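Shown here: protein04.tsv, TSV, N, CA and C atoms.
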chain	number	residue	atom	x	y	z
A	1	MET	N	14.29	-6.85	-0.67
A	1	MET	CA	15.32	-6.17	0.09
A	1	MET	C	14.88	-4.73	0.29
A	2	SER	N	14.99	-4.28	1.51
A	2	SER	CA	14.63	-2.90	1.81
A	2	SER	C	15.80	-1.98	1.51
A	3	LEU	N	15.53	-0.69	1.50
A	3	LEU	CA	16.58	0.30	1.26
A	3	LEU	C	17.63	0.23	2.37
A	4	LYS	N	17.20	0.02	3.60
A	4	LYS	CA	18.12	-0.07	4.73
A	4	LYS	C	19.05	-1.29	4.58
A	5	GLU	N	18.49	-2.42	4.18
A	5	GLU	CA	19.30	-3.63	3.96
A	5	GLU	C	20.28	-3.42	2.82
A	6	ALA	N	19.84	-2.75	1.77
A	6	ALA	CA	20.70	-2.49	0.61
A	6	ALA	C	21.87	-1.59	1.01
A	7	GLN	N	21.59	-0.55	1.77
A	7	GLN	CA	22.65	0.35	2.20
A	7	GLN	C	23.67	-0.37	3.06
A	8	ALA	N	23.23	-1.32	3.88
A	8	ALA	CA	24.15	-2.11	4.70
A	8	ALA	C	25.08	-2.96	3.83
A	9	LEU	N	24.62	-3.32	2.62
A	9	LEU	CA	25.42	-4.10	1.69
A	9	LEU	C	26.22	-3.20	0.73
A	10	GLY	N	26.09	-1.89	0.89
A	10	GLY	CA	26.82	-0.96	0.02
A	10	GLY	C	26.13	-0.66	-1.29
A	11	ILE	N	24.85	-0.99	-1.40
A	11	ILE	CA	24.08	-0.73	-2.63
A	11	ILE	C	23.44	0.65	-2.50
A	12	LYS	N	23.78	1.54	-3.43
A	12	LYS	CA	23.21	2.89	-3.40
A	12	LYS	C	21.92	2.97	-4.22
A	13	ASP	N	21.93	2.35	-5.38
A	13	ASP	CA	20.77	2.32	-6.27
A	13	ASP	C	20.55	0.88	-6.71
A	14	PHE	N	19.29	0.48	-6.82
A	14	PHE	CA	18.99	-0.86	-7.30
A	14	PHE	C	19.10	-0.91	-8.82
A	15	ASP	N	19.55	-2.05	-9.33
A	15	ASP	CA	19.52	-2.27	-10.77
A	15	ASP	C	18.09	-2.55	-11.22
A	16	VAL	N	17.37	-3.30	-10.40
A	16	VAL	CA	16.01	-3.72	-10.73
A	16	VAL	C	15.13	-3.51	-9.51
A	17	ILE	N	13.94	-2.99	-9.71
A	17	ILE	CA	12.94	-2.91	-8.65
A	17	ILE	C	11.73	-3.71	-9.11
A	18	LEU	N	11.38	-4.73	-8.34
A	18	LEU	CA	10.20	-5.55	-8.63
A	18	LEU	C	9.04	-5.01	-7.80
A	19	VAL	N	7.90	-4.83	-8.43
A	19	VAL	CA	6.69	-4.40	-7.73
A	19	VAL	C	5.69	-5.53	-7.85
A	20	THR	N	5.20	-5.99	-6.70
A	20	THR	CA	4.25	-7.10	-6.70
A	20	THR	C	3.05	-6.78	-5.82
A	21	GLY	N	1.89	-7.23	-6.24
A	21	GLY	CA	0.68	-7.04	-5.46
A	21	GLY	C	0.55	-8.05	-4.33
A	22	ASP	N	1.38	-9.06	-4.35
A	22	ASP	CA	1.34	-10.07	-3.30
A	22	ASP	C	2.28	-9.70	-2.16
A	23	ALA	N	2.09	-10.35	-1.03
A	23	ALA	CA	3.03	-10.20	0.07
A	23	ALA	C	4.36	-10.79	-0.36
A	24	TYR	N	5.45	-10.28	0.19
A	24	TYR	CA	6.76	-10.81	-0.17
A	24	TYR	C	7.26	-11.71	0.95
A	25	VAL	N	7.56	-12.94	0.58
A	25	VAL	CA	8.18	-13.90	1.49
A	25	VAL	C	9.39	-14.45	0.75
A	26	ASP	N	10.56	-14.40	1.37
A	26	ASP	CA	11.78	-14.86	0.71
A	26	ASP	C	11.85	-16.39	0.75
A	27	HIS	N	11.06	-17.00	-0.11
A	27	HIS	CA	10.98	-18.46	-0.20
A	27	HIS	C	10.75	-18.80	-1.68
A	28	PRO	N	11.39	-19.86	-2.19
A	28	PRO	CA	11.27	-20.19	-3.62
A	28	PRO	C	9.86	-20.44	-4.12
A	29	SER	N	8.91	-20.73	-3.23
A	29	SER	CA	7.54	-20.98	-3.68
A	29	SER	C	6.79	-19.69	-4.01
A	30	PHE	N	7.38	-18.54	-3.72
A	30	PHE	CA	6.77	-17.25	-4.03
A	30	PHE	C	7.42	-16.67	-5.28
A	31	GLY	N	6.61	-16.24	-6.24
A	31	GLY	CA	7.11	-15.78	-7.53
A	31	GLY	C	8.12	-14.66	-7.45
A	32	ALA	N	7.85	-13.62	-6.66
A	32	ALA	CA	8.77	-12.48	-6.56
A	32	ALA	C	10.11	-12.91	-5.99
A	33	ALA	N	10.08	-13.83	-5.04
A	33	ALA	CA	11.33	-14.31	-4.44
A	33	ALA	C	12.15	-15.08	-5.47
A	34	GLY	N	11.49	-15.89	-6.27
A	34	GLY	CA	12.20	-16.64	-7.31
A	34	GLY	C	12.81	-15.71	-8.35
A	35	ASN	N	12.05	-14.68	-8.74
A	35	ASN	CA	12.58	-13.70	-9.68
A	35	ASN	C	13.75	-12.93	-9.09
A	36	ARG	N	13.62	-12.54	-7.81
A	36	ARG	CA	14.70	-11.81	-7.15
A	36	ARG	C	15.96	-12.66	-7.09
A	37	ARG	N	15.81	-13.91	-6.73
A	37	ARG	CA	16.98	-14.80	-6.63
A	37	ARG	C	17.65	-14.99	-7.98
A	38	ALA	N	16.87	-15.15	-9.03
A	38	ALA	CA	17.44	-15.34	-10.38
A	38	ALA	C	18.18	-14.09	-10.83
A	39	LEU	N	17.59	-12.92	-10.61
A	39	LEU	CA	18.25	-11.67	-10.99
A	39	LEU	C	19.50	-11.42	-10.14
A	40	TRP	N	19.40	-11.70	-8.84
A	40	TRP	CA	20.55	-11.53	-7.94
A	40	TRP	C	21.70	-12.45	-8.38
A	41	ASP	N	21.38	-13.69	-8.71
A	41	ASP	CA	22.40	-14.64	-9.17
A	41	ASP	C	23.03	-14.20	-10.50
A	42	ALA	N	22.28	-13.43	-11.29
A	42	ALA	CA	22.80	-12.92	-12.56
A	42	ALA	C	23.63	-11.64	-12.36
A	43	GLY	N	23.73	-11.18	-11.11
A	43	GLY	CA	24.57	-10.03	-10.81
A	43	GLY	C	23.87	-8.71	-10.64
A	44	TYR	N	22.54	-8.72	-10.58
A	44	TYR	CA	21.78	-7.48	-10.41
A	44	TYR	C	21.41	-7.26	-8.95
A	45	SER	N	21.43	-6.01	-8.52
A	45	SER	CA	20.88	-5.68	-7.20
A	45	SER	C	19.38	-5.50	-7.38
A	46	VAL	N	18.60	-6.09	-6.48
A	46	VAL	CA	17.15	-6.15	-6.66
A	46	VAL	C	16.43	-5.66	-5.41
A	47	GLY	N	15.54	-4.69	-5.58
A	47	GLY	CA	14.66	-4.24	-4.51
A	47	GLY	C	13.24	-4.69	-4.82
A	48	ILE	N	12.47	-4.92	-3.77
A	48	ILE	CA	11.09	-5.38	-3.97
A	48	ILE	C	10.14	-4.46	-3.21
A	49	ILE	N	9.10	-4.03	-3.91
A	49	ILE	CA	8.02	-3.28	-3.28
A	49	ILE	C	6.81	-4.19	-3.30
A	50	ALA	N	6.43	-4.67	-2.14
A	50	ALA	CA	5.31	-5.60	-2.03
A	50	ALA	C	4.06	-4.87	-1.54
A	51	GLN	N	2.95	-5.17	-2.16
A	51	GLN	CA	1.65	-4.63	-1.81
A	51	GLN	C	1.64	-3.11	-1.64
A	52	PRO	N	2.06	-2.38	-2.68
A	52	PRO	CA	2.05	-0.92	-2.55
A	52	PRO	C	0.62	-0.37	-2.52
A	53	ASP	N	0.49	0.80	-1.95
A	53	ASP	CA	-0.79	1.50	-1.96
A	53	ASP	C	-1.02	1.98	-3.39
A	54	TRP	N	-1.97	1.39	-4.07
A	54	TRP	CA	-2.20	1.70	-5.48
A	54	TRP	C	-2.83	3.07	-5.69
A	55	LYS	N	-3.25	3.71	-4.61
A	55	LYS	CA	-3.86	5.04	-4.73
A	55	LYS	C	-2.84	6.16	-4.62
A	56	SER	N	-1.59	5.83	-4.32
A	56	SER	CA	-0.56	6.83	-4.11
A	56	SER	C	0.75	6.41	-4.76
A	57	ALA	N	1.49	7.35	-5.25
A	57	ALA	CA	2.80	7.04	-5.86
A	57	ALA	C	3.91	6.93	-4.82
A	58	ALA	N	3.64	7.29	-3.58
A	58	ALA	CA	4.68	7.30	-2.54
A	58	ALA	C	5.31	5.93	-2.34
A	59	ASP	N	4.50	4.87	-2.29
A	59	ASP	CA	5.05	3.53	-2.10
A	59	ASP	C	5.93	3.12	-3.27
A	60	LEU	N	5.56	3.52	-4.47
A	60	LEU	CA	6.32	3.15	-5.65
A	60	LEU	C	7.65	3.88	-5.74
A	61	ALA	N	7.79	4.98	-5.02
A	61	ALA	CA	9.02	5.77	-5.05
A	61	ALA	C	9.94	5.48	-3.87
A	62	LYS	N	9.53	4.64	-2.93
A	62	LYS	CA	10.30	4.49	-1.70
A	62	LYS	C	11.67	3.83	-1.87
A	63	LEU	N	11.92	3.14	-2.96
A	63	LEU	CA	13.24	2.55	-3.19
A	63	LEU	C	14.06	3.36	-4.19
A	64	GLY	N	13.55	4.49	-4.60
A	64	GLY	CA	14.27	5.32	-5.55
A	64	GLY	C	14.05	4.85	-6.98
A	65	LYS	N	14.80	5.43	-7.88
A	65	LYS	CA	14.68	5.08	-9.30
A	65	LYS	C	15.70	4.00	-9.62
A	66	PRO	N	15.26	2.89	-10.22
A	66	PRO	CA	16.22	1.84	-10.57
A	66	PRO	C	17.09	2.29	-11.73
A	67	ARG	N	18.28	1.74	-11.78
A	67	ARG	CA	19.19	2.13	-12.87
A	67	ARG	C	18.64	1.70	-14.23
A	68	PRO	N	18.59	0.41	-14.57
A	68	PRO	CA	18.10	0.10	-15.91
A	68	PRO	C	16.61	-0.21	-16.01
A	69	VAL	N	15.99	-0.80	-14.97
A	69	VAL	CA	14.65	-1.32	-15.19
A	69	VAL	C	13.85	-1.42	-13.90
A	70	SER	N	12.53	-1.32	-14.04
A	70	SER	CA	11.64	-1.68	-12.94
A	70	SER	C	10.57	-2.58	-13.53
A	71	LEU	N	10.19	-3.59	-12.79
A	71	LEU	CA	9.22	-4.59	-13.25
A	71	LEU	C	8.01	-4.58	-12.33
A	72	ALA	N	6.84	-4.76	-12.88
A	72	ALA	CA	5.63	-4.77	-12.07
A	72	ALA	C	4.81	-6.02	-12.37
A	73	SER	N	4.30	-6.60	-11.32
A	73	SER	CA	3.36	-7.70	-11.45
A	73	SER	C	2.04	-7.19	-10.90
A	74	LEU	N	1.09	-6.94	-11.78
A	74	LEU	CA	-0.19	-6.36	-11.36
A	74	LEU	C	-1.16	-7.48	-11.00
A	75	SER	N	-0.90	-8.07	-9.87
A	75	SER	CA	-1.73	-9.18	-9.44
A	75	SER	C	-1.75	-9.24	-7.92
A	76	GLY	N	-2.41	-10.23	-7.42
A	76	GLY	CA	-2.39	-10.46	-5.98
A	76	GLY	C	-3.38	-9.60	-5.23
A	77	ASN	N	-3.04	-9.32	-3.99
A	77	ASN	CA	-3.94	-8.63	-3.07
A	77	ASN	C	-4.14	-7.16	-3.37
A	78	VAL	N	-3.33	-6.57	-4.22
A	78	VAL	CA	-3.45	-5.16	-4.53
A	78	VAL	C	-3.87	-4.95	-5.97
A	79	ASP	N	-4.54	-5.93	-6.54
A	79	ASP	CA	-4.98	-5.85	-7.92
A	79	ASP	C	-5.88	-4.63	-8.10
A	80	SER	N	-5.81	-4.03	-9.27
A	80	SER	CA	-6.63	-2.87	-9.55
A	80	SER	C	-8.11	-3.25	-9.47
A	81	PRO	N	-8.94	-2.29	-9.08
A	81	PRO	CA	-10.36	-2.62	-8.93
A	81	PRO	C	-11.01	-2.93	-10.28
A	82	GLY	N	-11.81	-3.93	-10.31
A	82	GLY	CA	-12.51	-4.32	-11.54
A	82	GLY	C	-13.93	-3.80	-11.56
A	83	LYS	N	-14.63	-4.15	-12.60
A	83	LYS	CA	-16.03	-3.73	-12.71
A	83	LYS	C	-16.92	-4.65	-11.95
As structure tokens, the full file:
Amino acid sequence: MSLKEAQALGIKDFDVILVTGDAYVDHPSFGAAGNRRALWDAGYSVGIIAQPDWKSAADLAKLGKPRPVSLASLSGNVDSPGK
């Protein structure tokens, strides 16, 4: 969910922000989507940052600071460079 979509729903701050290195597709076969749906069903507002620029903090800050937690999945297409 983007910040614009959240504001349309009356959400000012996200309870949880998920960060994933994979592209985000709202379909149960995608891990971030499944996590988002489970958290949403549990009553949390959830924002997702998909494929952030790992060289800059700007992408990680675009949804603001989550109230209780932010989760990161360091995998996928934006995985940190290896040796």
If we count only C-alpha atoms and set the cut-off at 9 Å, which residues sit around A:Gly64, ignoring sequence neighbours fewer than 3 positions away in its own chain? Please answer as a compact mmCIF listing (two decimals) with N, CA and C atoms, in the coordinates of the input.
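Printed below is part.txt as written:
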# COMPACT_ATOMS: atom_id res chain seq x y z
N LEU A 3 15.53 -0.69 1.50
CA LEU A 3 16.58 0.30 1.26
C LEU A 3 17.63 0.23 2.37
N ASP A 13 21.93 2.35 -5.38
CA ASP A 13 20.77 2.32 -6.27
C ASP A 13 20.55 0.88 -6.71
N PHE A 14 19.29 0.48 -6.82
CA PHE A 14 18.99 -0.86 -7.30
C PHE A 14 19.10 -0.91 -8.82
N ILE A 17 13.94 -2.99 -9.71
CA ILE A 17 12.94 -2.91 -8.65
C ILE A 17 11.73 -3.71 -9.11
N LEU A 60 5.56 3.52 -4.47
CA LEU A 60 6.32 3.15 -5.65
C LEU A 60 7.65 3.88 -5.74
N ALA A 61 7.79 4.98 -5.02
CA ALA A 61 9.02 5.77 -5.05
C ALA A 61 9.94 5.48 -3.87
Checklist entry - Which of stretch 29-67 of chain A counts as helix (DSSP H, G or I) under DSSP, as number ranges by chain please? => result A: 31-41, 58-61
Next on the checklist: Quick check, in Å to one decimal: how far apart do atom N of A:Ala6 and atom N of A:Leu63 lie?
Outcome noted: 10.9 Å
Item to check | Residues flagged strand (DSSP E or B) by DSSP in chain A, as a PyMOL selection string | outcome: chain A and resi 16-20+46-50+69-73
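Our summary of the geometry notes that atom N of A:Arg36 is positioned 10.7 Å from atom N of A:Thr20.
Proximity ranking of A:Ala58, A:Ala32, A:Ile11, A:Val25 relative to A:Ser45 places A:Ile11 first, based on all atoms listed in the file.
For the atom pair formed by atom CA of A:Lys55 and atom CA of A:Glu5, the distance is 26.2 Å, given to one decimal.
Proximity of A:Leu9, A:Ala33, A:Asp15, A:Ser2 to A:Val46, computed with only C-alpha atoms, is greatest for A:Asp15.
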